[in-house]
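Notes follow once the structure below has been shown.
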Amino acid sequence: MSPLCPLTGHTGGVVAVAWSPDGTRLLTGGYDGTVRVWDATSGLPVGFTIVTLPGGELAVFDAIADQLVTASAGAWRWLGWNVVEDGRLTRLPAESFGTLPPLHPAARSAESA
């Protein structure tokens, strides 16, 4: 990875790093409670971003599209949209644009373990 292409996206720095067995991907864990997957050559995000939330809740975003892919049952308490209404920044609940996509059944069973 080029030193001119730093991994960005974590607020407050990186606390953990792991390489894929074939050396093409890098997984980072940040002080901000996120886990991100990167292309090891370009330093660009790929795959997904996991965001840990208070109370053991989590949300998973598509790293390229930055769209919510799935979320745990209580994640709605922490997720939202920032919009400008009457010239002021207002936070709307995440469900304002539809229900949150549920966690895959395998993730739900791991969550309850």
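How things are named: the first chain in the structure tokens is A, the next is B, and so on; residues count from 1 in each chain; ligands count from 1 in the order shown.
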Neighbour list for range 20-36 of chain A as a list in words, cut-off 6 Å, only C-alpha atoms, skip fewer than 5 positions in-chain: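 So, after excluding close chain neighbours, the residues are His10, Thr11, Gly12, Gly13, Val14, Val15, Thr49, Ile50, Val51 and Thr52 of chain A.
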Contacts of Ala59 in chain A at 10 Å (only C-alpha atoms; same-chain gap of 4+ positions) as a PyMOL selection string: chain A and resi 34+49-53+68-76+78-79+100-103
Just write the chosen residues, N, CA and C atoms, as a PDB file, in the first residue's frame.
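Final file, out_33.pdb:
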```pdb
ATOM      1  N   THR A  34     -15.701   0.963  15.049  1.00  0.00           N
ATOM      2  CA  THR A  34     -15.966   0.433  13.717  1.00  0.00           C
ATOM      3  C   THR A  34     -14.920  -0.604  13.340  1.00  0.00           C
ATOM      4  N   THR A  49     -18.538  -2.274   6.437  1.00  0.00           N
ATOM      5  CA  THR A  49     -18.100  -1.601   7.661  1.00  0.00           C
ATOM      6  C   THR A  49     -19.070  -2.008   8.755  1.00  0.00           C
ATOM      7  N   ILE A  50     -18.541  -2.530   9.852  1.00  0.00           N
ATOM      8  CA  ILE A  50     -19.376  -2.886  11.001  1.00  0.00           C
ATOM      9  C   ILE A  50     -19.249  -1.769  12.028  1.00  0.00           C
ATOM     10  N   VAL A  51     -20.387  -1.287  12.498  1.00  0.00           N
ATOM     11  CA  VAL A  51     -20.405  -0.233  13.513  1.00  0.00           C
ATOM     12  C   VAL A  51     -20.987  -0.828  14.787  1.00  0.00           C
ATOM     13  N   THR A  52     -20.175  -0.841  15.853  1.00  0.00           N
ATOM     14  CA  THR A  52     -20.690  -1.311  17.140  1.00  0.00           C
ATOM     15  C   THR A  52     -21.370  -0.139  17.834  1.00  0.00           C
ATOM     16  N   LEU A  53     -22.509  -0.422  18.427  1.00  0.00           N
ATOM     17  CA  LEU A  53     -23.332   0.596  19.066  1.00  0.00           C
ATOM     18  C   LEU A  53     -23.506   0.257  20.544  1.00  0.00           C
ATOM     19  N   LEU A  68     -26.858   1.196   4.626  1.00  0.00           N
ATOM     20  CA  LEU A  68     -27.132   0.211   5.657  1.00  0.00           C
ATOM     21  C   LEU A  68     -27.524  -1.106   5.000  1.00  0.00           C
ATOM     22  N   VAL A  69     -26.834  -2.190   5.385  1.00  0.00           N
ATOM     23  CA  VAL A  69     -27.118  -3.514   4.845  1.00  0.00           C
ATOM     24  C   VAL A  69     -27.952  -4.323   5.826  1.00  0.00           C
ATOM     25  N   THR A  70     -27.576  -4.252   7.099  1.00  0.00           N
ATOM     26  CA  THR A  70     -28.274  -5.016   8.119  1.00  0.00           C
ATOM     27  C   THR A  70     -28.019  -4.370   9.483  1.00  0.00           C
ATOM     28  N   ALA A  71     -28.880  -4.684  10.436  1.00  0.00           N
ATOM     29  CA  ALA A  71     -28.736  -4.112  11.776  1.00  0.00           C
ATOM     30  C   ALA A  71     -29.352  -5.054  12.799  1.00  0.00           C
ATOM     31  N   SER A  72     -28.842  -5.000  14.019  1.00  0.00           N
ATOM     32  CA  SER A  72     -29.432  -5.792  15.097  1.00  0.00           C
ATOM     33  C   SER A  72     -30.769  -5.160  15.493  1.00  0.00           C
ATOM     34  N   ALA A  73     -31.555  -5.916  16.249  1.00  0.00           N
ATOM     35  CA  ALA A  73     -32.928  -5.498  16.554  1.00  0.00           C
ATOM     36  C   ALA A  73     -33.027  -4.139  17.245  1.00  0.00           C
ATOM     37  N   GLY A  74     -32.095  -3.815  18.136  1.00  0.00           N
ATOM     38  CA  GLY A  74     -32.173  -2.558  18.868  1.00  0.00           C
ATOM     39  C   GLY A  74     -31.345  -1.426  18.279  1.00  0.00           C
ATOM     40  N   ALA A  75     -30.769  -1.634  17.107  1.00  0.00           N
ATOM     41  CA  ALA A  75     -29.905  -0.614  16.497  1.00  0.00           C
ATOM     42  C   ALA A  75     -30.668   0.661  16.166  1.00  0.00           C
ATOM     43  N   TRP A  76     -31.970   0.550  15.958  1.00  0.00           N
ATOM     44  CA  TRP A  76     -32.768   1.726  15.594  1.00  0.00           C
ATOM     45  C   TRP A  76     -32.628   2.842  16.628  1.00  0.00           C
ATOM     46  N   TRP A  78     -30.025   3.979  17.854  1.00  0.00           N
ATOM     47  CA  TRP A  78     -28.789   4.728  17.638  1.00  0.00           C
ATOM     48  C   TRP A  78     -28.616   5.227  16.219  1.00  0.00           C
ATOM     49  N   LEU A  79     -29.415   4.722  15.274  1.00  0.00           N
ATOM     50  CA  LEU A  79     -29.263   5.101  13.871  1.00  0.00           C
ATOM     51  C   LEU A  79     -30.251   6.192  13.505  1.00  0.00           C
ATOM     52  N   LEU A 100     -35.635  -1.155   9.110  1.00  0.00           N
ATOM     53  CA  LEU A 100     -34.224  -1.523   9.054  1.00  0.00           C
ATOM     54  C   LEU A 100     -34.095  -2.971   8.583  1.00  0.00           C
ATOM     55  N   PRO A 101     -33.106  -3.262   7.743  1.00  0.00           N
ATOM     56  CA  PRO A 101     -32.917  -4.648   7.319  1.00  0.00           C
ATOM     57  C   PRO A 101     -32.427  -5.489   8.496  1.00  0.00           C
ATOM     58  N   PRO A 102     -33.043  -6.646   8.735  1.00  0.00           N
ATOM     59  CA  PRO A 102     -32.678  -7.458   9.906  1.00  0.00           C
ATOM     60  C   PRO A 102     -31.337  -8.154   9.720  1.00  0.00           C
ATOM     61  N   LEU A 103     -30.749  -8.551  10.850  1.00  0.00           N
ATOM     62  CA  LEU A 103     -29.541  -9.362  10.804  1.00  0.00           C
ATOM     63  C   LEU A 103     -29.857 -10.715  10.195  1.00  0.00           C
TER      64      LEU A 103
END
```
All helix (DSSP H, G or I) positions in range 39-81 of chain A, as JSON, numbers by chain: {"A": [54, 55, 56, 75, 76, 77]}
Output C-alpha atoms of each residue in that selection to a file, as a PDB file, in the first residue's frame.
```pdb
ATOM      1  CA  PRO A  54     -24.147   0.925  22.771  1.00  0.00           C
ATOM      2  CA  GLY A  55     -25.864  -2.012  24.443  1.00  0.00           C
ATOM      3  CA  GLY A  56     -24.216  -4.590  22.168  1.00  0.00           C
ATOM      4  CA  ALA A  75     -29.905  -0.614  16.497  1.00  0.00           C
ATOM      5  CA  TRP A  76     -32.768   1.726  15.594  1.00  0.00           C
ATOM      6  CA  ARG A  77     -32.170   3.511  18.923  1.00  0.00           C
TER       7      ARG A  77
END
```
In range 5-78 of chain A, DSSP strand (DSSP E) residues written as a ChimeraX atom specification: /A:14-19,25-30,34-39,45-52,58-62,68-71
